[in-house]
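Novice: Below: one structure in structure tokens.
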Amino acid sequence: MICGVGGQGIILASNVLCSVAFSEGLDVKKSEVHGMAQRGGSVITHVRFGKKVYSPLIEEGTSDFILAFERLEALRYLPYLKENGIMIVNDREIPPMSVLVGAVTYPQDIDRRLKKRGETHFVDATSIAFELGNVRAVNIILLGVLSKFLNFKKQSWKEAIGKNVKERFVELNITAFNRGMCI
Amino acid sequence: MKSLLSGNEAVARGAWEAGCTVATAYPGTPSTEIVENITQYPEIYCEWSINEKAALEVAAGACFAGARALTAMKHVGLNVAADPFFTMGYSGVTGGFVIVSADDPGMWSSQNEQDNRHYGRHAKIPILEPSDSNETKLFTKLGFEISEKFDTPVLLRLTTRICHSTCLVELGKRKEHKIKGYVKDIKKRLVLPAHARLLHVVVEERLKELAEFSETFTYNKIEWGKKNLGIITSGISYQYAKEIFPEASFLKLSFTYPIPKKLITKFARRVKKMIVIEEGDPILETEIRAMGIKVIGKDKIPLCGELTPRVIRDSFSKKTKKKIQTAKIPARPPVLCPGCPHRGVFYVINKLKLVATGDIGCYTLGALPPLNAIDTCVCMGASVTNAQGLEKALGKDFSKKVVAVLGDSTFFHGGITGLVNAVYNKGNLNLVILDNYTTAMTGHQPHPGTGRLAKGEQGKRIPPEEIAKGCGVEFIKIVNPGDLEETEAAFKEALAFDGVTVLIFRRPCALLLKPSPPYIIDSELCNGCALCLRIGCPAISLHYPEDREKPLAVIDQALCFGCKLCVQVCNRDAIVLPKNKKIE
């Protein structure tokens with residue numbers, strides 16, 4: 001499951017992941033939402049692969065991995081993670097409007113709540129992306145981190161990135177992927 | 001060869017493989033990507049029509065000529081196109097005609113949760129319901145064949161989770177469909193009362209033939225498992241149910257109207273207990289119950305909201321699983337993007353305390369705090385006519401406080417008729433067109449105001465101001481929404497004018513422009529007054545540093561678009577461009 005804030009490149013990340021699983025000969029299903037929900041709102045995509053997949057949706061409490069592009073969104077979709085599942089979290093806070101206008105506060109106990117459920121890895125992907133000169137590379141950096149936990153060939157990842165991003169951004173994204181892999 | 005396709009991509013591919021040559025749509029989530037993907041096929045003429053009614057009628061005209069035609073729309077789009085939809089059920093087709101309705105259970109991006117399987121029954125048009133992208137492609141092709149065989153349009157009913165889910169699809173080749181050419185046949189296509197009376201009889205006969213066809217349709221199929229539980233299901237619910245009840249027997253329905261009664265009876269006789277699992281209204285359930293068969297259905301499974309594997313599991317599980325506490329997590333509803341040209345207009349509407357009847361588009365988000373600028377949202381174009389109704393009920397003085405707000409694409413879709421109505425009926429309508437040169441919400445499709453066509457070709461541009469002039473509007477003004485003073489002055493001038501006024505706030509959608517350099521807060525000048533928060537920009541937040549007595553506003557450098565709206569709101573000139581490009 002991949003979650004974050006609309007506009008962070010979540011759908012592209014899930015497309016790359018699907019391409020990799022497909023090229024490795026697995027059955028793949030993905031589900032996402034478009035439209036109103038994409039405008040800076042909370043966004044999730046479900047990605048499932050294996051020998052045979054029926055539902056494109058992940059059932060709560062069964063996700064092996066959650067890739068969260070933002071801390072609060074990690075917390076929001078935590079119920080989807082299976083017990084002792086693995087969570088990779090971009091260590092960044094994007095306050096929602098209710099926090100910005102001061103109606104509520106941004107939760108301060110996210111680390112504790114996430115760690116209670118499963119194995120949590122915080123990654124400062126936004127800073128790395130700034131370093132690489134493009135904040136939009138966050139998604140591929142996080143996929144690089146995820147790749148360490150999956151048994152897919154590095155070549156499959158590279159090809160999947162090549163297939164899903166615009167040609168002029170391929171090199172940047174391969175670099176971003178490698179940076180993620182080395183964390 | 002297999003490829004990963006979303007349901008919408010699969011419709012496009014299926015139409016292409018089937019030899020379709022005309023495809024039409026008005027964009028609407030979750031159906032938009034169907035025609036968007038058809039633009040890649042040179043063999044198919046495709047267009048963004050101005051609304052769903054126009055789309056359906058253009059496609060109907062093509063099928064009169066013997067071409068295979070497809071039209072796609074979101075569920076509420078079929079309300080707009082309902083008039084020709086019903087009549088096409090009577091007149092039938094010549095070339096195959098597939099009408100795609102993409103319903104939105106869960107209302108991810110819609111104003112209601114209507115179940116368009118009712119429409120098939122209401123208009124006596126057969127329904128196909130695929131359960132994944134592979135079936136979606138296949139059923140699109142079969143749809144054309146069924147349409148031609150039975151001389152009827154076919155409703156291909158999708159849902160959000162079909163449209164926007166991706167799976168492996170077996171690709172085929174295109175088979176050209178020979179266009180027969182136009183042959184005059186007034187008894188079929190001139191639906192006068194005398195002809196329609198005869199056609200209705202034909203329609204009822206056709207339904208009987210379709211019911212027989214449904215019995216033998218390959219994809220209405222039984223998958224035998226254990227006989228103690230039988231599940232009847234269709235669409236995406238099939239996939240969920242297979243995971244929750246892996247051992248049960250299944251009757252998977254794909255041709256869901258008319259239903260195969262004999263097949264259902266056969267299935268019912270062999271299983272001990274039967275559950276109907278369907279998303280939305282109890283449509284199959286009601287029809288099966290009417291056959292005198294006992295089933296479990298909506299008495300257990302929720303009618304509201306979308307189904308998920310968990311919802312189905314919980315419907316039949318006695319103990320509810322312990323849930324992780326998520327109640328106190330701040331919600332993150334969608335917001336207007338940083339740099340959105342609508343923001344300044346909404347700020348002024350809020351400031352002037354106007355009543356704003358709203359419409360369907362990104363700008364509906366102007367209703368949310370802190371802008372709180374929109375009062376109503378009914379359907380495409382209703383902002384215009386609702387405002388006129390308010391005036392007719394409460395009088396001319398009240399109309400001086402009311403504005404109708406809609407986007408450029410929505411104006412073309414359903415706003416023009418309301419404008420003519422107001423001018424003709426002596427209204428004092430104040431119409432605000434937020435012209436961002438695109439259909440933003442659905443992913444930036446062109447429309448008549450842009451002059452670009454679906455495949456990128458340049459067509460004729462029809463500016464909204466020219467239409468307003470043609471409708472007899474005497475006060476028309478084009479305003480820059482990035483300038484708050486100009487915006488406020490324009491509102492005051494329009495509201496003081498007697499008669500119908502049109503203000504066009506014109507600036508391209510922020511997502512179509514490159515951001516300008518981001519602004520920062522001068523911490524020495526900022527007094528933490530929070531005025532800048534009133535524009536509701538996601539890039540600005542208030543912080544409480546320990547070394548300061550007063551709070552400090554902070555601009556997120558990754559989000560700031562450099563639109564300068566906050567600069568105009570700040571009365572201490574504390575929002576500035578960084579000197580020497582040094583960031584705070």
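Note on naming: chains are A, B, ... as they come in the structure tokens, residues start from 1 per chain, ligands start from 1 in the order shown.
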For Ser23 of chain A, work out the shell of residues within 10 Å, counting only C-alpha atoms and skipping chain neighbours fewer than 2 positions away, then give it as JSON, numbers by chain.
Specialist: {"A": [18, 19, 20, 21, 25, 26, 27, 152, 153, 156, 157, 159, 160]}
Novice: Would you list the contacts of Gly418 of chain B as a list in words, taking every protein, DNA or RNA residue within 10 Å and counting only C-alpha atoms, but skipping same-chain residues closer than 5 positions in sequence?
Specialist: Gly381, Ala382, Ser383, Val384, Thr385, Asn386, Ala387, Gln388, Phe411, Val423, Tyr424 and Leu429 of chain B
Novice: Just the residues within 9 Å of segment 77-86 of chain A, please, counting only C-alpha atoms, with nothing from its chain fewer than 2 positions along; format it as a ChimeraX atom specification.
Specialist: /A:1,3,44,58-68,72-75,88,113-114,116-121,149 /B:323-326
Novice: Using N, CA and C atoms, can you export the residues from the last selection as a short mmCIF file (atom, residue, chain, number, x, y, z; two decimals), in the first residue's frame?
Specialist:
data_model
loop_
_atom_site.label_atom_id
_atom_site.label_comp_id
_atom_site.auth_asym_id
_atom_site.auth_seq_id
_atom_site.Cartn_x
_atom_site.Cartn_y
_atom_site.Cartn_z
N MET A 1 0.84 -1.20 0.00
CA MET A 1 0.00 0.00 0.00
C MET A 1 0.87 1.25 0.00
N CYS A 3 0.78 5.43 0.38
CA CYS A 3 -0.11 6.52 0.78
C CYS A 3 0.66 7.82 0.94
N ILE A 44 -4.39 7.12 -1.36
CA ILE A 44 -3.76 5.80 -1.25
C ILE A 44 -3.90 5.03 -2.55
N ILE A 58 -6.64 -4.03 -0.77
CA ILE A 58 -6.02 -4.73 0.36
C ILE A 58 -6.99 -4.67 1.54
N GLU A 59 -7.14 -5.77 2.21
CA GLU A 59 -8.01 -5.77 3.38
C GLU A 59 -7.25 -5.21 4.58
N GLU A 60 -7.95 -4.48 5.45
CA GLU A 60 -7.31 -3.94 6.65
C GLU A 60 -6.61 -5.06 7.41
N GLY A 61 -5.46 -4.73 7.96
CA GLY A 61 -4.74 -5.70 8.79
C GLY A 61 -3.97 -6.75 8.02
N THR A 62 -3.84 -6.58 6.68
CA THR A 62 -3.16 -7.63 5.91
C THR A 62 -2.03 -7.12 5.03
N SER A 63 -1.77 -5.81 5.02
CA SER A 63 -0.75 -5.30 4.10
C SER A 63 0.65 -5.66 4.61
N ASP A 64 1.47 -6.25 3.74
CA ASP A 64 2.84 -6.61 4.14
C ASP A 64 3.69 -5.36 4.31
N PHE A 65 3.46 -4.40 3.41
CA PHE A 65 4.26 -3.17 3.44
C PHE A 65 3.34 -1.95 3.31
N ILE A 66 3.74 -0.88 3.98
CA ILE A 66 3.13 0.42 3.67
C ILE A 66 4.26 1.39 3.38
N LEU A 67 4.13 2.04 2.23
CA LEU A 67 5.09 3.06 1.84
C LEU A 67 4.37 4.39 2.03
N ALA A 68 4.77 5.17 3.06
CA ALA A 68 4.04 6.41 3.37
C ALA A 68 4.90 7.60 2.99
N LEU A 72 1.73 11.85 8.86
CA LEU A 72 0.34 11.73 9.30
C LEU A 72 -0.42 10.69 8.47
N GLU A 73 -0.08 10.62 7.20
CA GLU A 73 -0.74 9.63 6.33
C GLU A 73 -0.31 8.22 6.70
N ALA A 74 0.92 8.08 7.19
CA ALA A 74 1.38 6.77 7.68
C ALA A 74 0.48 6.32 8.82
N LEU A 75 0.21 7.25 9.70
CA LEU A 75 -0.62 6.94 10.87
C LEU A 75 -2.06 6.61 10.44
N ILE A 88 7.60 1.96 5.63
CA ILE A 88 8.66 2.88 5.24
C ILE A 88 8.03 4.27 5.15
N ARG A 113 3.31 5.29 17.93
CA ARG A 113 2.15 4.53 17.47
C ARG A 113 2.49 3.62 16.29
N LEU A 114 3.36 4.10 15.42
CA LEU A 114 3.75 3.28 14.27
C LEU A 114 4.58 2.10 14.72
N LYS A 116 4.71 0.59 17.46
CA LYS A 116 3.97 -0.40 18.24
C LYS A 116 3.40 -1.49 17.33
N ARG A 117 3.11 -1.11 16.10
CA ARG A 117 2.43 -2.03 15.19
C ARG A 117 3.42 -2.91 14.41
N GLY A 118 4.49 -2.31 13.96
CA GLY A 118 5.40 -3.10 13.11
C GLY A 118 6.77 -2.46 12.99
N GLU A 119 7.53 -2.99 12.02
CA GLU A 119 8.90 -2.51 11.80
C GLU A 119 8.81 -1.20 11.01
N THR A 120 9.29 -0.10 11.60
CA THR A 120 9.13 1.20 10.95
C THR A 120 10.48 1.80 10.57
N HIS A 121 10.59 2.22 9.31
CA HIS A 121 11.82 2.87 8.85
C HIS A 121 11.50 4.29 8.41
N PHE A 149 13.55 -4.79 0.44
CA PHE A 149 12.75 -5.80 1.14
C PHE A 149 12.08 -6.78 0.18
N LYS B 323 -10.20 -2.84 16.37
CA LYS B 323 -9.72 -1.86 15.41
C LYS B 323 -8.66 -0.95 16.04
N ILE B 324 -7.70 -0.55 15.23
CA ILE B 324 -6.69 0.39 15.71
C ILE B 324 -7.34 1.77 15.76
N GLN B 325 -7.08 2.49 16.82
CA GLN B 325 -7.70 3.79 17.03
C GLN B 325 -7.23 4.80 15.97
N THR B 326 -8.17 5.30 15.17
CA THR B 326 -7.80 6.31 14.18
C THR B 326 -8.68 7.56 14.31
#
Novice: Can you pull out every residue from segment 89-164 of chain A that DSSP, working from the backbone, puts in alpha helix (DSSP H), and format the result as a PyMOL selection string?
Specialist: chain A and resi 97-100+110-117+125-132+138-147+154-164
Novice: Just want the 9 Å neighbourhood of Thr105 of chain A, counted on only C-alpha atoms, with same-chain residues fewer than 4 positions away dropped. Output as a list in words.
Specialist: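 The residues satisfying every condition are Pro95, Ser98, Val99 and Leu100 of chain A; Pro330 of chain B.
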Novice: Could you write out that same residue set with C-alpha atoms as a PDB file, in the first residue's frame?
Specialist:
ATOM      1  CA  PRO A  95       0.008  19.814   7.973  1.00  0.00           C
ATOM      2  CA  SER A  98      -7.365  21.930   9.851  1.00  0.00           C
ATOM      3  CA  VAL A  99      -3.900  22.090  11.456  1.00  0.00           C
ATOM      4  CA  LEU A 100      -2.850  25.137   9.421  1.00  0.00           C
TER       5      LEU A 100
ATOM      6  CA  PRO B 330      -6.793  15.058  11.698  1.00  0.00           C
TER       7      PRO B 330
END
Novice: Show which residues sit within 9 Å of segment 483-486 of chain B, as a list in words. Count only C-alpha atoms, and ignore same-chain residues fewer than 6 positions away.
Specialist: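 Contacts, in chain order: Gly344, Val345, Tyr347, Val348, Lys564, Leu565, Gln568 and Val569 of chain B.
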Novice: Generate a file of the selected residues that holds N, CA and C atoms, formatted as a PDB file, in the first residue's frame.
Specialist:
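To be explicit, this is the file written out as selection-v4.pdb:
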ATOM      1  N   GLY B 344      -8.239  33.823  -4.684  1.00  0.00           N
ATOM      2  CA  GLY B 344      -8.459  35.247  -4.451  1.00  0.00           C
ATOM      3  C   GLY B 344      -9.935  35.615  -4.580  1.00  0.00           C
ATOM      4  N   VAL B 345     -10.613  34.989  -5.554  1.00  0.00           N
ATOM      5  CA  VAL B 345     -12.040  35.264  -5.775  1.00  0.00           C
ATOM      6  C   VAL B 345     -12.832  34.833  -4.533  1.00  0.00           C
ATOM      7  N   TYR B 347     -11.675  34.488  -1.518  1.00  0.00           N
ATOM      8  CA  TYR B 347     -11.305  35.342  -0.386  1.00  0.00           C
ATOM      9  C   TYR B 347     -12.195  36.585  -0.383  1.00  0.00           C
ATOM     10  N   VAL B 348     -12.401  37.161  -1.573  1.00  0.00           N
ATOM     11  CA  VAL B 348     -13.216  38.382  -1.679  1.00  0.00           C
ATOM     12  C   VAL B 348     -14.702  38.068  -1.432  1.00  0.00           C
ATOM     13  N   LYS B 564       1.652  35.435  -4.943  1.00  0.00           N
ATOM     14  CA  LYS B 564       1.580  36.779  -4.346  1.00  0.00           C
ATOM     15  C   LYS B 564       0.243  37.124  -3.703  1.00  0.00           C
ATOM     16  N   LEU B 565      -0.637  36.171  -3.567  1.00  0.00           N
ATOM     17  CA  LEU B 565      -1.927  36.489  -2.961  1.00  0.00           C
ATOM     18  C   LEU B 565      -1.727  36.861  -1.487  1.00  0.00           C
ATOM     19  N   GLN B 568      -0.536  40.356  -0.756  1.00  0.00           N
ATOM     20  CA  GLN B 568      -1.558  41.405  -0.795  1.00  0.00           C
ATOM     21  C   GLN B 568      -2.409  41.432   0.474  1.00  0.00           C
ATOM     22  N   VAL B 569      -2.480  40.299   1.156  1.00  0.00           N
ATOM     23  CA  VAL B 569      -3.307  40.218   2.359  1.00  0.00           C
ATOM     24  C   VAL B 569      -2.562  40.750   3.587  1.00  0.00           C
TER      25      VAL B 569
END
Novice: What are the residues of chain A lining chain B at 6 Å or less? Count only C-alpha atoms, and put the answer as a list in words.
Specialist: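 Every residue meeting the condition is included here: Val28, Lys29, Lys30, Ser31, Glu32, Gly35, Met36, Ala37, Arg39, Gly40, Gly41, Ser42, Tyr54, Ser55, Glu59, Pro79, Pro96 and Leu100 of chain A.
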Novice: Atom CA of Ala12 of chain B to atom CA of Val165 of chain A: how many Å, to one decimal?
Specialist: 21.9 Å
Novice: Pick out the residues sitting within 6 Å of segment 135-147 of chain A, and hand them over as a count of residues only; count only C-alpha atoms, and ignore anything fewer than 3 positions along from it in its own chain.
Specialist: 11
Novice: Identify, on the basis of only C-alpha atoms, every residue whose closest approach to Ser91 of chain B does not exceed 10 Å; exclude the query and any residue fewer than 3 positions from it along the same chain; express the result as number ranges by chain.
Specialist: B: 64, 86-88, 94, 151-153, 186-191, 195-196, 199-200, 202-203
Novice: Okay, now the selection with N, CA and C atoms, as an mmCIF file, in the first residue's frame?
Specialist:
data_model
loop_
_atom_site.group_PDB
_atom_site.id
_atom_site.type_symbol
_atom_site.label_atom_id
_atom_site.label_comp_id
_atom_site.auth_asym_id
_atom_site.auth_seq_id
_atom_site.Cartn_x
_atom_site.Cartn_y
_atom_site.Cartn_z
ATOM 1 N N PHE B 64 -26.402 5.608 -36.259
ATOM 2 C CA PHE B 64 -27.431 5.660 -37.318
ATOM 3 C C PHE B 64 -26.780 5.389 -38.673
ATOM 4 N N PHE B 86 -33.061 7.146 -23.224
ATOM 5 C CA PHE B 86 -34.329 6.414 -23.226
ATOM 6 C C PHE B 86 -34.850 6.213 -24.654
ATOM 7 N N THR B 87 -34.756 7.260 -25.461
ATOM 8 C CA THR B 87 -35.289 7.143 -26.822
ATOM 9 C C THR B 87 -34.480 6.161 -27.657
ATOM 10 N N MET B 88 -33.177 6.132 -27.434
ATOM 11 C CA MET B 88 -32.342 5.177 -28.186
ATOM 12 C C MET B 88 -32.729 3.735 -27.858
ATOM 13 N N THR B 94 -27.966 0.922 -35.579
ATOM 14 C CA THR B 94 -27.606 0.273 -36.843
ATOM 15 C C THR B 94 -26.194 -0.273 -36.657
ATOM 16 N N ASP B 151 -30.212 -5.161 -31.981
ATOM 17 C CA ASP B 151 -30.652 -3.828 -32.383
ATOM 18 C C ASP B 151 -31.004 -2.957 -31.166
ATOM 19 N N THR B 152 -30.047 -2.846 -30.261
ATOM 20 C CA THR B 152 -30.262 -2.047 -29.048
ATOM 21 C C THR B 152 -28.929 -1.461 -28.580
ATOM 22 N N PRO B 153 -28.938 -0.280 -27.975
ATOM 23 C CA PRO B 153 -27.705 0.149 -27.304
ATOM 24 C C PRO B 153 -27.422 -0.806 -26.145
ATOM 25 N N ILE B 186 -37.620 5.999 -41.276
ATOM 26 C CA ILE B 186 -38.304 6.883 -40.327
ATOM 27 C C ILE B 186 -39.096 6.110 -39.280
ATOM 28 N N LYS B 187 -39.506 4.909 -39.599
ATOM 29 C CA LYS B 187 -40.269 4.140 -38.614
ATOM 30 C C LYS B 187 -39.397 3.754 -37.428
ATOM 31 N N LYS B 188 -38.117 3.738 -37.679
ATOM 32 C CA LYS B 188 -37.166 3.361 -36.643
ATOM 33 C C LYS B 188 -36.600 4.587 -35.918
ATOM 34 N N ARG B 189 -36.300 5.638 -36.686
ATOM 35 C CA ARG B 189 -35.539 6.737 -36.092
ATOM 36 C C ARG B 189 -36.343 8.023 -35.899
ATOM 37 N N LEU B 190 -37.508 8.089 -36.459
ATOM 38 C CA LEU B 190 -38.336 9.280 -36.255
ATOM 39 C C LEU B 190 -39.369 8.895 -35.201
ATOM 40 N N VAL B 191 -39.016 9.155 -33.958
ATOM 41 C CA VAL B 191 -39.824 8.587 -32.883
ATOM 42 C C VAL B 191 -41.022 9.495 -32.569
ATOM 43 N N HIS B 195 -45.062 6.073 -34.427
ATOM 44 C CA HIS B 195 -43.960 5.118 -34.589
ATOM 45 C C HIS B 195 -43.579 4.512 -33.239
ATOM 46 N N ALA B 196 -43.573 5.360 -32.200
ATOM 47 C CA ALA B 196 -43.116 4.912 -30.875
ATOM 48 C C ALA B 196 -44.028 3.823 -30.318
ATOM 49 N N LEU B 199 -42.826 0.812 -31.787
ATOM 50 C CA LEU B 199 -41.481 0.487 -31.293
ATOM 51 C C LEU B 199 -41.527 -0.105 -29.877
ATOM 52 N N HIS B 200 -42.445 0.395 -29.055
ATOM 53 C CA HIS B 200 -42.524 -0.119 -27.685
ATOM 54 C C HIS B 200 -42.784 -1.634 -27.691
ATOM 55 N N VAL B 202 -41.877 -3.661 -30.007
ATOM 56 C CA VAL B 202 -40.608 -4.272 -30.427
ATOM 57 C C VAL B 202 -39.654 -4.382 -29.229
ATOM 58 N N VAL B 203 -39.610 -3.308 -28.432
ATOM 59 C CA VAL B 203 -38.713 -3.278 -27.267
ATOM 60 C C VAL B 203 -39.055 -4.414 -26.302
#
Novice: Rounded to one decimal in Å, what is the spacing between atom CA of Val276 of chain B and atom CA of Gly292 of chain B?
Specialist: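 Pair atom CA of Val276 of chain B / atom CA of Gly292 of chain B returns 14.2 Å.
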Novice: Find the distance between atom CA of Tyr41 of chain B and atom CA of Ser14 of chain A and write it in Å to one decimal.
Specialist: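 That distance, rounded to one decimal, is 25.7 Å.
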Novice: So, counting only C-alpha atoms, which residue among A:Asn151, A:Gln8, A:Asn15, A:Asn90 is closest to Asn164 of chain A?
Specialist: A:Asn15
